[in-house]
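Asker: Supplied structure: query.csv, CSV, C-alpha atoms.
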chain,number,residue,atom,x,y,z
D,1,MET,CA,0.7,-3.0,17.5
D,2,ALA,CA,3.6,-4.6,19.4
D,3,THR,CA,5.8,-1.6,18.6
D,4,SER,CA,5.4,2.1,17.8
D,5,GLN,CA,7.5,1.6,14.7
D,6,TRP,CA,5.3,0.9,11.7
D,7,MET,CA,8.1,-0.6,9.7
D,8,MET,CA,8.2,-3.7,11.8
D,9,GLY,CA,4.5,-4.5,11.0
D,10,LYS,CA,5.0,-3.9,7.3
D,11,THR,CA,8.1,-5.9,6.5
D,12,PHE,CA,7.1,-9.5,7.2
D,13,ASP,CA,7.3,-12.0,4.3
D,14,THR,CA,4.2,-11.6,2.0
D,15,PHE,CA,3.3,-8.2,3.6
D,16,ALA,CA,4.3,-6.0,0.7
D,17,PRO,CA,2.8,-7.4,-2.5
D,18,MET,CA,3.6,-5.3,-5.6
D,19,GLY,CA,2.7,-5.5,-9.2
D,20,PRO,CA,1.6,-6.9,-11.5
D,21,HIS,CA,2.7,-3.7,-13.4
D,22,VAL,CA,5.6,-1.3,-12.9
D,23,VAL,CA,5.6,1.9,-14.8
D,24,THR,CA,8.3,4.4,-15.5
D,25,ALA,CA,8.0,8.2,-14.9
D,26,ASP,CA,7.5,8.9,-18.6
D,27,GLU,CA,4.4,6.7,-18.6
D,28,ILE,CA,2.5,8.8,-16.1
D,29,ALA,CA,1.8,12.4,-17.0
D,30,ASP,CA,1.1,13.5,-13.4
D,31,PRO,CA,1.9,11.1,-10.6
D,32,HIS,CA,0.0,13.4,-8.2
D,33,ALA,CA,-3.3,12.9,-10.0
D,34,LEU,CA,-4.1,9.2,-9.8
D,35,ASP,CA,-7.1,7.6,-8.3
D,36,ILE,CA,-6.3,4.8,-5.9
D,37,SER,CA,-8.6,2.3,-4.2
D,38,LEU,CA,-8.7,-0.9,-2.2
D,39,ARG,CA,-11.6,-3.3,-2.4
D,40,ILE,CA,-12.2,-6.4,-0.2
D,41,ASN,CA,-14.6,-8.9,-1.7
D,42,GLY,CA,-15.9,-6.1,-4.0
D,43,GLU,CA,-16.5,-3.6,-1.2
D,44,VAL,CA,-14.6,-0.3,-1.5
D,45,LEU,CA,-12.9,0.3,1.8
D,46,GLN,CA,-10.3,2.9,0.8
D,47,GLN,CA,-10.5,5.4,-2.0
D,48,SER,CA,-8.4,8.5,-2.6
D,49,ASN,CA,-6.1,10.2,-5.1
D,50,THR,CA,-2.4,10.8,-5.1
D,51,ARG,CA,-3.0,14.5,-5.0
D,52,GLN,CA,-3.7,13.9,-1.3
D,53,LEU,CA,-0.2,12.8,-0.6
D,54,ILE,CA,1.2,14.9,2.3
D,55,PHE,CA,4.6,15.1,0.7
D,56,LYS,CA,5.0,15.1,-3.1
D,57,ILE,CA,7.2,12.5,-4.7
D,58,PRO,CA,10.2,14.9,-5.4
D,59,GLU,CA,10.2,16.0,-1.7
D,60,LEU,CA,10.1,12.3,-0.6
D,61,VAL,CA,13.0,11.3,-2.8
D,62,ALA,CA,15.0,14.4,-1.9
D,63,TYR,CA,14.6,13.8,1.8
D,64,LEU,CA,15.2,10.0,1.7
D,65,SER,CA,18.3,10.4,-0.5
D,66,SER,CA,19.7,12.8,2.1
D,67,VAL,CA,19.6,10.1,4.8
D,68,CYS,CA,20.2,6.9,2.7
D,69,THR,CA,21.4,5.7,-0.6
D,70,LEU,CA,18.6,5.2,-3.2
D,71,GLU,CA,19.4,3.0,-6.2
D,72,PRO,CA,17.4,2.5,-9.4
D,73,GLY,CA,14.6,0.1,-8.8
D,74,ASP,CA,14.2,1.0,-5.1
D,75,VAL,CA,10.7,1.2,-3.9
D,76,VAL,CA,9.5,4.0,-1.6
D,77,SER,CA,6.3,3.1,0.2
D,78,THR,CA,4.1,5.9,1.5
D,79,GLY,CA,1.1,6.0,3.7
D,80,THR,CA,-2.4,4.8,3.0
D,81,PRO,CA,-5.8,6.5,2.5
D,82,ALA,CA,-8.3,6.6,5.4
D,83,GLY,CA,-10.2,3.3,6.0
D,84,VAL,CA,-7.5,1.1,7.4
D,85,GLY,CA,-9.1,-2.0,9.0
D,86,TYR,CA,-7.8,-1.7,12.5
D,87,ALA,CA,-8.9,1.9,12.7
D,88,ARG,CA,-12.5,1.1,11.7
D,89,ASN,CA,-15.3,1.0,14.2
D,90,PRO,CA,-15.7,-1.9,14.7
D,91,PRO,CA,-12.2,-2.9,13.5
D,92,ARG,CA,-12.0,-5.1,10.4
D,93,PHE,CA,-9.3,-7.6,9.8
D,94,LEU,CA,-8.6,-9.7,6.7
D,95,GLN,CA,-9.8,-13.3,6.9
D,96,PRO,CA,-8.9,-16.4,4.9
D,97,GLY,CA,-10.9,-16.4,1.6
D,98,ASP,CA,-11.0,-12.6,1.3
D,99,ASP,CA,-10.2,-11.2,-2.1
D,100,VAL,CA,-8.1,-8.0,-1.9
D,101,VAL,CA,-7.9,-5.7,-5.0
D,102,ILE,CA,-5.7,-2.6,-5.1
D,103,SER,CA,-6.2,-0.3,-8.1
D,104,VAL,CA,-4.1,2.6,-9.2
D,105,GLU,CA,-5.3,4.7,-12.2
D,106,GLN,CA,-3.0,4.3,-15.3
D,107,VAL,CA,-1.1,1.5,-13.6
D,108,GLY,CA,-3.5,-1.4,-13.0
D,109,GLU,CA,-4.9,-3.7,-10.4
D,110,LEU,CA,-3.2,-6.0,-8.0
D,111,ARG,CA,-5.4,-8.9,-6.7
D,112,ASN,CA,-4.4,-11.0,-3.8
D,113,PRO,CA,-6.4,-13.8,-2.1
D,114,VAL,CA,-6.0,-14.1,1.6
D,115,ILE,CA,-5.0,-17.5,2.8
D,116,ALA,CA,-4.7,-19.0,6.2
D,117,GLU,CA,-1.2,-18.9,7.7
D,118,ALA,CA,0.4,-22.4,7.7
D,119,GLU,CA,0.7,-24.1,11.0
D,120,GLU,CA,4.3,-24.8,12.0
D,121,SER,CA,5.1,-28.4,12.5
D,122,ASN,CA,7.7,-29.7,15.0
Is it possible to give me this structure as structure tokens?
Answerer:
Amino acid sequence: MATSQWMMGKTFDTFAPMGPHVVTADEIADPHALDISLRINGEVLQQSNTRQLIFKIPELVAYLSSVCTLEPGDVVSTGTPAGVGYARNPPRFLQPGDDVVISVEQVGELRNPVIAEAEESN
């Protein structure tokens, strides 16, 4: 929250985990009909479907390619479903030991353990 620009808070090392699967367009019949969810320690905190995207994928790619060069393999990150931790009442933040699982229908699951940030030594 140190800046109004969201990119700053989403581009730190380890802040954009991806995988373990990557699929090509021919593997997904309709990218605008996929259930997505986020669970922390087994509790579903975010759940939606890609049909809820504000802008469809072709629109996003067309717009972005009008302002920057897109190359094969580039990743376009979009928004997130309702339920973001800081916007909850009370706010909920990840803690060391939490188990975070992100699921996308027809793609798979990404599981990440939350670990404590290492202390810097002088």
Asker: Tell me, as a PyMOL selection string, which residues lie within 12 Å of Val104 in chain D, counting all atoms listed in the file; anything in the same chain fewer than 6 positions away does not count.
Answerer: chain D and resi 18-23+28+31-39+46-50+110-111
Asker: In Å, rounded to a single decimal, give me how far CA of Val61 in chain D is from CA of Asp74 in chain D.
Answerer: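 Atom-to-atom, CA of Asp74 in chain D to CA of Val61 in chain D, that is 10.6 Å.
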Asker: Select, counting only C-alpha atoms, all protein, DNA and RNA residues no farther than 10 Å from (-12.2, -18.3, -3.7) in file coordinates, and express the selection as a list of chain:residue names.
Answerer: D:Asn41, D:Pro96, D:Gly97, D:Asp98, D:Asp99, D:Pro113, D:Val114, D:Ile115
Asker: Can you tell me how far CA of Gly73 in chain D sits from CA of Asp26 in chain D, in Å to one decimal?
Answerer: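 Taking CA of Gly73 in chain D as the start and CA of Asp26 in chain D as the end point, the length is 15.0 Å.
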Asker: Can you pull out the residues contacting Ile54 in chain D? Cut-off 12 Å, using all atoms listed in the file, and skip same-chain residues under 3 positions away; I want them as number ranges by chain.
Answerer: D: 32, 49-51, 57-60, 78-81
Asker: Could the residues in this selection be saved with C-alpha atoms as a PDB file, in the frame of the given file?
Answerer:
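Saved as selection-v1.pdb:
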ATOM      1  CA  HIS D  32       0.000  13.400  -8.200  1.00  0.00           C
ATOM      2  CA  ASN D  49      -6.100  10.200  -5.100  1.00  0.00           C
ATOM      3  CA  THR D  50      -2.400  10.800  -5.100  1.00  0.00           C
ATOM      4  CA  ARG D  51      -3.000  14.500  -5.000  1.00  0.00           C
ATOM      5  CA  ILE D  57       7.200  12.500  -4.700  1.00  0.00           C
ATOM      6  CA  PRO D  58      10.200  14.900  -5.400  1.00  0.00           C
ATOM      7  CA  GLU D  59      10.200  16.000  -1.700  1.00  0.00           C
ATOM      8  CA  LEU D  60      10.100  12.300  -0.600  1.00  0.00           C
ATOM      9  CA  THR D  78       4.100   5.900   1.500  1.00  0.00           C
ATOM     10  CA  GLY D  79       1.100   6.000   3.700  1.00  0.00           C
ATOM     11  CA  THR D  80      -2.400   4.800   3.000  1.00  0.00           C
ATOM     12  CA  PRO D  81      -5.800   6.500   2.500  1.00  0.00           C
TER      13      PRO D  81
END
Asker: Looking at D:Ile40, D:Leu45, D:Ala29, D:Phe55, which one is nearest to Val84 in chain D, with distances taken over all atoms listed in the file?
Answerer: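 Of the candidates, the smallest distance to Val84 in chain D is held by D:Leu45.
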Asker: Find, counting all atoms listed in the file, the residue in D:Gly85, D:Pro72, D:Asn112, D:Ser77 that gets nearest to Thr24 in chain D.
Answerer: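 Selected residue with least distance to Thr24 in chain D: D:Pro72.
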Asker: Suppose you want the space between CA of Glu105 in chain D and CA of Lys56 in chain D; what is it in Å?
Answerer: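 A separation of 17.2 Å between them.
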Asker: Would you mind completing range 50-69 of chain D so that it carries N, CA, C and O atoms, and writing it out as a short mmCIF file (atom, residue, chain, number, x, y, z; two decimals), in the frame of the given file?
Answerer:
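The resulting out-v5.cif:
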data_model
loop_
_atom_site.label_atom_id
_atom_site.label_comp_id
_atom_site.auth_asym_id
_atom_site.auth_seq_id
_atom_site.Cartn_x
_atom_site.Cartn_y
_atom_site.Cartn_z
N THR D 50 -3.76 10.44 -5.47
CA THR D 50 -2.40 10.80 -5.10
C THR D 50 -2.19 12.27 -4.85
O THR D 50 -1.19 12.66 -4.26
N ARG D 51 -3.14 13.10 -5.28
CA ARG D 51 -3.00 14.50 -5.00
C ARG D 51 -3.12 14.76 -3.46
O ARG D 51 -2.76 15.82 -2.95
N GLN D 52 -3.61 13.76 -2.72
CA GLN D 52 -3.70 13.90 -1.30
C GLN D 52 -2.47 13.49 -0.51
O GLN D 52 -2.45 13.56 0.72
N LEU D 53 -1.42 13.09 -1.23
CA LEU D 53 -0.20 12.80 -0.60
C LEU D 53 0.28 14.00 0.28
O LEU D 53 0.21 15.14 -0.18
N ILE D 54 0.71 13.76 1.48
CA ILE D 54 1.20 14.90 2.30
C ILE D 54 2.43 15.47 1.78
O ILE D 54 2.59 16.69 1.76
N PHE D 55 3.35 14.63 1.31
CA PHE D 55 4.60 15.10 0.70
C PHE D 55 4.59 14.60 -0.76
O PHE D 55 4.32 13.43 -1.03
N LYS D 56 4.90 15.50 -1.70
CA LYS D 56 5.00 15.10 -3.10
C LYS D 56 6.21 14.25 -3.34
O LYS D 56 7.17 14.26 -2.56
N ILE D 57 6.18 13.50 -4.41
CA ILE D 57 7.20 12.50 -4.70
C ILE D 57 8.63 13.17 -4.74
O ILE D 57 9.56 12.64 -4.12
N PRO D 58 8.85 14.31 -5.43
CA PRO D 58 10.20 14.90 -5.40
C PRO D 58 10.69 15.21 -3.99
O PRO D 58 11.87 15.01 -3.68
N GLU D 59 9.78 15.68 -3.12
CA GLU D 59 10.20 16.00 -1.70
C GLU D 59 10.57 14.67 -1.01
O GLU D 59 11.55 14.66 -0.24
N LEU D 60 9.81 13.61 -1.21
CA LEU D 60 10.10 12.30 -0.60
C LEU D 60 11.49 11.81 -1.01
O LEU D 60 12.31 11.40 -0.19
N VAL D 61 11.73 11.84 -2.32
CA VAL D 61 13.00 11.30 -2.80
C VAL D 61 14.15 12.21 -2.35
O VAL D 61 15.20 11.69 -1.94
N ALA D 62 13.98 13.52 -2.36
CA ALA D 62 15.00 14.40 -1.90
C ALA D 62 15.37 14.13 -0.41
O ALA D 62 16.54 14.02 -0.04
N TYR D 63 14.34 14.01 0.42
CA TYR D 63 14.60 13.80 1.80
C TYR D 63 15.23 12.40 2.05
O TYR D 63 16.25 12.29 2.74
N LEU D 64 14.66 11.37 1.46
CA LEU D 64 15.20 10.00 1.70
C LEU D 64 16.65 9.92 1.16
O LEU D 64 17.49 9.29 1.80
N SER D 65 16.93 10.53 0.04
CA SER D 65 18.30 10.40 -0.50
C SER D 65 19.28 11.25 0.34
O SER D 65 20.49 11.07 0.22
N SER D 66 18.78 12.12 1.22
CA SER D 66 19.70 12.80 2.10
C SER D 66 20.09 12.00 3.33
O SER D 66 21.05 12.32 4.02
N VAL D 67 19.34 10.92 3.59
CA VAL D 67 19.60 10.10 4.80
C VAL D 67 20.01 8.65 4.41
O VAL D 67 20.48 7.91 5.27
N CYS D 68 19.79 8.24 3.14
CA CYS D 68 20.20 6.90 2.70
C CYS D 68 20.41 6.88 1.23
O CYS D 68 19.96 7.77 0.51
N THR D 69 21.10 5.87 0.78
CA THR D 69 21.40 5.70 -0.60
C THR D 69 20.18 5.11 -1.35
O THR D 69 19.70 4.05 -0.93
#
